[in-house]
Structure formats: C-alpha cells, structure tokens
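One structure is given here, and the rest of the page talks about it.
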Amino acid sequence: MPVDFEQPRWEAAKYPGRQVAPVGAQAGARDLAANVYELDPGAVGSPWHVHHANEELLLVLSGTPTLRSPEGMQRLSAGAMVAFPRGHTGAHSLVNRSDAPVRYLVISTTNRPDVVEYPDTGATLVVLAEQRLAYPHGAGAEQTRVITEAMRAAVDRSA
C-alpha cells in the first residue's frame with residue numbers, strides 16, 4: 001500500500017509536540033519499522049537512549065533537528081542521514097531546538113527482545129514481542145536472590 005509522506009496518517013499523540021506515523025506498518029512491512037516523526041519547536045523526538053538489539057537509520061525530511069550522539073551535539077538539515085548501530089556507539093537523542101517544525105523518517109530492525117537503556121535517567125525498557133516493561137532507576141534487584149526465588153518456586157510447583 002502506498003504511503004504519503006506529505007500527509008501521513010498520524011497516530012494519537014503520546015508525547016507533547018511529537019506526532020508519529022507508522023508508515024512501515026501502513027505499507028505492510030513486517031520485519032522493519034519505519035516511522036515518520038514531526039516535532040514542534042522545542043519538542044523531544046527521542047531522549048538519550050541505547051538499543052541493544054536494534055539498529056536505526058535516520059533521514060531528515062525537513063527542518064533542522066539537533067542530534068546528540070557520542071560525538072557530541074550536531075544540527076542536522078534536510079537530506080541528512082545518520083545510522084545508529086546497536087550498543088553504546090549508537091546512543092542518540094533528537095530534539096527540535098529550531099523555531100520551525102521538523103520532520104524525519106526512522107527505519108529500524110525489529111528484533112525482540114530489545115533492551116533500551118536511558119543513561120540520563122538510569123531507566124531501562126525491555127521490549128518483548130507483545131509488551132514493553134519499563135524499569136525506573138533503582139528498580140533492579142540482586143540477581144542471585146531473584147534466581148534463588150525462581151528455583152524455590154520451581155521446586156514448590158513440581159512437588
């Protein structure tokens with residue numbers, strides 16, 4: 001199914017000043033995600049984050065977003081394309097610091113599970129096939145205790 005980048009079908013807004021159109025899904029893609037984003041002036045497209053299972057590719061369609069990457073801050077312009085590999089070398093954030101709207105396309109792999117780190121806040125997002133689990137900073141538990149409890153539960157269930 002053809003998708004119109006000029007007049008995409010936007011989803012209901014989840015975050016202020018940011019619209020998203022899942023153009024890949026609208027076109028029938030199954031193993032790749034492709035989303036068009038539009039940001040109002042001052043809006044955040046994505047906070048500083050790291051994907052551990054997925055690679056992303058950004059193409060600026062219009063406007064001048066500001067990219068934060070491990071190399072620092074950089075203002076991008078229409079036509080700019082940037083790849084974000086898995087892991088900390090692909091960490092990035094996008095903000096519209098201009099006085100005009102910004103529109104860009106993000107294409108990514110859709111590997112599940114994915115673990116997404118938010119280094120500025122210490123939060124973690126676990127993306128599974130059918131759900132997303134968010135863990136704020138400090139929500140982690142000591143691994144040995146968690147596994148020991150699971151082992152006890154396994155013994156109790158098999159008794």
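Identifiers for the structure tokens are assigned positionally: chains receive A, B, ... in sequence, residues are indexed from 1 per chain, and ligands are indexed from 1 in the order shown.
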Next on the checklist: Which residues are close to Val102 in chain A, i.e. within 6 Å by only C-alpha atoms, leaving aside same-chain residues fewer than 4 positions away? Reply as a ChimeraX atom specification.
Outcome noted: /A:38-39,62-63
Please provide as a short mmCIF file (atom, residue, chain, number, x, y, z; two decimals) with N, CA and C atoms, in the first residue's frame all residues within 6 Å of Ala33 in chain A, with the sequence filter that same-chain residues fewer than 3 positions apart are discarded (counting only C-alpha atoms).
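Here's the written file around03.cif:
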```cif
data_model
loop_
_atom_site.label_atom_id
_atom_site.label_comp_id
_atom_site.auth_asym_id
_atom_site.auth_seq_id
_atom_site.Cartn_x
_atom_site.Cartn_y
_atom_site.Cartn_z
N GLY A 24 5.82 2.29 7.87
CA GLY A 24 6.23 0.94 7.51
C GLY A 24 5.09 -0.04 7.70
N ILE A 107 14.02 4.36 10.24
CA ILE A 107 13.85 2.97 9.84
C ILE A 107 14.69 2.14 10.78
N SER A 108 14.14 1.02 11.27
CA SER A 108 14.91 0.20 12.20
C SER A 108 14.57 -1.28 12.05
#
```
Next on the checklist: List as a list in words the protein and nucleic acid residues near Gln19 in chain A, meaning an atom at most 8 Å away when only C-alpha atoms are counted, but skip any in the same chain fewer than 3 places from it.
Outcome noted: Trp10, Glu11, Ala12, Ala13, Tyr15, Tyr37, Glu38 and Leu39 of chain A
Could the residues in this selection be saved with N, CA and C atoms as a CSV table (one decimal), in the first residue's frame?
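Written output follows (again-v2.csv):
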```
chain,number,residue,atom,x,y,z
A,10,TRP,N,-1.3,10.0,11.0
A,10,TRP,CA,-0.7,10.2,12.4
A,10,TRP,C,-1.4,9.3,13.4
A,11,GLU,N,-0.7,8.8,14.3
A,11,GLU,CA,-1.3,8.1,15.5
A,11,GLU,C,-1.7,9.2,16.5
A,12,ALA,N,-2.5,8.8,17.5
A,12,ALA,CA,-2.8,9.7,18.6
A,12,ALA,C,-1.5,10.1,19.3
A,13,ALA,N,-1.3,11.3,19.6
A,13,ALA,CA,-0.1,11.8,20.2
A,13,ALA,C,0.1,11.2,21.6
A,15,TYR,N,3.2,12.0,23.3
A,15,TYR,CA,4.1,12.9,24.0
A,15,TYR,C,3.8,14.3,23.4
A,37,TYR,N,8.2,11.1,11.9
A,37,TYR,CA,8.0,11.9,13.1
A,37,TYR,C,7.9,13.3,12.7
A,38,GLU,N,7.1,14.1,13.4
A,38,GLU,CA,7.1,15.5,13.2
A,38,GLU,C,7.1,16.1,14.6
A,39,LEU,N,8.1,17.1,14.8
A,39,LEU,CA,8.3,17.7,16.1
A,39,LEU,C,8.0,19.2,16.0
```
Next on the checklist: If DSSP is run on the backbone, what residues of chain A are strand (DSSP E)? A reply as a ChimeraX atom specification would be ideal.
Outcome noted: /A:18-21,32-39,44-51,56-62,66-69,72-75,81-84,92-95,102-109,114-118,123-127,132-135
Item to check | All residues 8 Å or closer to Ala129 in chain A, only C-alpha atoms, same chain fewer than 2 positions away omitted, as an NGL selection string | outcome: :A and (112-113 or 127 or 131)
Keeping N, CA and C atoms, export the residues of the selection given above as a tab-separated table (two decimals), in the first residue's frame.
```
chain	number	residue	atom	x	y	z
A	112	ARG	N	13.33	-8.71	18.69
A	112	ARG	CA	12.76	-8.84	20.03
A	112	ARG	C	13.35	-10.08	20.68
A	113	PRO	N	13.72	-10.01	21.92
A	113	PRO	CA	13.59	-8.85	22.80
A	113	PRO	C	14.66	-7.80	22.51
A	127	VAL	N	11.72	-4.53	25.64
A	127	VAL	CA	10.71	-4.64	24.60
A	127	VAL	C	10.60	-6.10	24.19
A	131	GLN	N	4.76	-6.92	24.54
A	131	GLN	CA	4.65	-5.95	25.62
A	131	GLN	C	5.96	-5.21	25.84
```
Checklist entry - Residues at most 10 Å from range 88-99 of chain A, counting only C-alpha atoms, excluding those fewer than 5 positions away in the same chain, as a PyMOL selection string? => result chain A and resi 17-18+38-52+54-56+63-76+82-83+116-119
Quick one: write out the picked residues with N, CA and C atoms as a compact mmCIF listing (two decimals), in the first residue's frame?
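What landed in selection_39.txt:
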```txt
# COMPACT_ATOMS: atom_id res chain seq x y z
N GLY A 17 3.97 17.70 21.52
CA GLY A 17 4.73 18.26 20.41
C GLY A 17 5.31 17.26 19.44
N ARG A 18 4.97 15.97 19.60
CA ARG A 18 5.54 14.92 18.74
C ARG A 18 4.43 14.09 18.12
N GLU A 38 7.08 14.08 13.37
CA GLU A 38 7.06 15.53 13.21
C GLU A 38 7.14 16.13 14.60
N LEU A 39 8.08 17.06 14.77
CA LEU A 39 8.30 17.69 16.07
C LEU A 39 8.01 19.18 15.98
N ASP A 40 7.24 19.66 16.92
CA ASP A 40 7.04 21.09 17.06
C ASP A 40 8.31 21.71 17.60
N PRO A 41 8.49 23.02 17.46
CA PRO A 41 9.65 23.68 18.07
C PRO A 41 9.71 23.37 19.57
N GLY A 42 10.90 23.00 20.03
CA GLY A 42 11.12 22.67 21.44
C GLY A 42 10.78 21.25 21.83
N ALA A 43 10.19 20.47 20.95
CA ALA A 43 9.78 19.10 21.29
C ALA A 43 10.95 18.12 21.20
N VAL A 44 10.83 17.05 21.98
CA VAL A 44 11.82 15.98 22.00
C VAL A 44 11.31 14.82 21.15
N GLY A 45 12.12 14.40 20.20
CA GLY A 45 11.77 13.24 19.38
C GLY A 45 12.09 11.95 20.09
N SER A 46 13.27 11.93 20.70
CA SER A 46 13.67 10.77 21.50
C SER A 46 14.67 11.22 22.55
N PRO A 47 14.53 10.69 23.76
CA PRO A 47 15.52 11.01 24.79
C PRO A 47 16.81 10.25 24.48
N TRP A 48 17.89 10.60 25.16
CA TRP A 48 19.19 9.92 25.03
C TRP A 48 18.98 8.45 25.36
N HIS A 49 19.21 7.56 24.37
CA HIS A 49 18.96 6.14 24.60
C HIS A 49 19.89 5.26 23.77
N VAL A 50 19.96 3.99 24.19
CA VAL A 50 20.81 2.97 23.57
C VAL A 50 19.97 1.73 23.34
N HIS A 51 19.94 1.23 22.10
CA HIS A 51 19.29 -0.05 21.80
C HIS A 51 20.35 -1.14 21.81
N HIS A 52 20.04 -2.27 22.43
CA HIS A 52 20.99 -3.38 22.45
C HIS A 52 20.68 -4.46 21.43
N ASN A 54 18.67 -3.56 18.32
CA ASN A 54 18.20 -2.99 17.06
C ASN A 54 19.07 -1.84 16.58
N GLU A 55 19.17 -1.76 15.27
CA GLU A 55 19.87 -0.68 14.60
C GLU A 55 18.83 0.27 14.02
N GLU A 56 19.14 1.57 14.03
CA GLU A 56 18.22 2.56 13.48
C GLU A 56 18.93 3.41 12.43
N GLY A 63 13.42 20.59 8.00
CA GLY A 63 13.76 21.23 9.27
C GLY A 63 15.19 20.96 9.68
N THR A 64 15.52 21.41 10.91
CA THR A 64 16.89 21.30 11.41
C THR A 64 16.88 20.77 12.85
N PRO A 65 16.74 19.45 13.03
CA PRO A 65 16.79 18.89 14.38
C PRO A 65 18.21 18.90 14.93
N THR A 66 18.31 18.84 16.24
CA THR A 66 19.61 18.74 16.90
C THR A 66 19.80 17.31 17.37
N LEU A 67 20.89 16.70 16.93
CA LEU A 67 21.24 15.33 17.28
C LEU A 67 22.29 15.34 18.38
N ARG A 68 22.05 14.56 19.41
CA ARG A 68 23.08 14.28 20.42
C ARG A 68 23.54 12.86 20.17
N SER A 69 24.83 12.68 19.99
CA SER A 69 25.42 11.36 19.78
C SER A 69 26.68 11.26 20.64
N PRO A 70 27.35 10.12 20.67
CA PRO A 70 28.59 10.04 21.43
C PRO A 70 29.65 11.05 20.98
N GLU A 71 29.53 11.56 19.74
CA GLU A 71 30.47 12.57 19.23
C GLU A 71 30.10 13.98 19.66
N GLY A 72 28.95 14.16 20.30
CA GLY A 72 28.53 15.48 20.75
C GLY A 72 27.24 15.93 20.09
N MET A 73 26.97 17.24 20.15
CA MET A 73 25.76 17.83 19.59
C MET A 73 26.03 18.26 18.15
N GLN A 74 25.01 18.06 17.30
CA GLN A 74 25.16 18.43 15.89
C GLN A 74 23.79 18.81 15.34
N ARG A 75 23.72 19.94 14.65
CA ARG A 75 22.48 20.35 13.99
C ARG A 75 22.46 19.70 12.61
N LEU A 76 21.35 19.01 12.31
CA LEU A 76 21.19 18.34 11.03
C LEU A 76 20.27 19.16 10.14
N VAL A 82 21.75 9.49 9.16
CA VAL A 82 22.66 9.03 10.21
C VAL A 82 22.24 7.63 10.65
N ALA A 83 23.22 6.74 10.77
CA ALA A 83 22.97 5.38 11.26
C ALA A 83 23.32 5.29 12.74
N VAL A 116 16.49 -1.38 26.01
CA VAL A 116 16.77 0.02 25.71
C VAL A 116 17.17 0.70 27.01
N GLU A 117 18.38 1.26 27.02
CA GLU A 117 18.87 1.99 28.19
C GLU A 117 18.63 3.49 27.99
N TYR A 118 18.30 4.18 29.07
CA TYR A 118 18.18 5.63 29.09
C TYR A 118 19.23 6.15 30.07
N PRO A 119 20.49 6.35 29.61
CA PRO A 119 21.58 6.70 30.52
C PRO A 119 21.38 7.96 31.35
```
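The closest residue to Val106 in chain A, picked from A:Val146, A:Ala29, A:Val23, A:Val126 and counting only C-alpha atoms, is A:Val23.
Minimum distance to Leu57 in chain A across A:Arg132, A:Arg30, A:Arg86, A:Arg145 (counting only C-alpha atoms) occurs at A:Arg86.
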Next on the checklist: Would you pick out the contacts of Ala134 in chain A at 8 Å or less, using only C-alpha atoms, so that residues sharing its chain but fewer than 5 positions from it are not included, and give the list as an MDAnalysis selection string?
Outcome noted: chainID A and resid 123:126
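CA of Arg157 in chain A lies 21.2 Å from CA of Gln143 in chain A.
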Checklist entry - Running DSSP on the backbone, which parts of range 2-109 of chain A land in helix (DSSP H, G or I), as number ranges by chain? => result A: 23-27, 88-90
Writing out the chosen residues with N, CA and C atoms as a compact mmCIF listing (two decimals), in the first residue's frame:
```txt
# COMPACT_ATOMS: atom_id res chain seq x y z
N VAL A 23 4.57 4.50 9.09
CA VAL A 23 4.44 4.30 7.65
C VAL A 23 4.87 2.91 7.20
N GLY A 24 5.82 2.29 7.87
CA GLY A 24 6.23 0.94 7.51
C GLY A 24 5.09 -0.04 7.70
N ALA A 25 4.45 0.01 8.85
CA ALA A 25 3.31 -0.87 9.12
C ALA A 25 2.16 -0.56 8.18
N GLN A 26 1.93 0.73 7.91
CA GLN A 26 0.86 1.13 6.99
C GLN A 26 1.12 0.60 5.58
N ALA A 27 2.40 0.45 5.22
CA ALA A 27 2.75 -0.06 3.89
C ALA A 27 2.82 -1.59 3.87
N HIS A 88 26.32 1.08 22.76
CA HIS A 88 26.61 2.44 23.19
C HIS A 88 27.15 3.34 22.08
N THR A 89 27.78 2.78 21.05
CA THR A 89 28.25 3.62 19.95
C THR A 89 27.09 4.22 19.16
N GLY A 90 25.90 3.63 19.29
CA GLY A 90 24.72 4.13 18.59
C GLY A 90 23.81 4.97 19.46
```
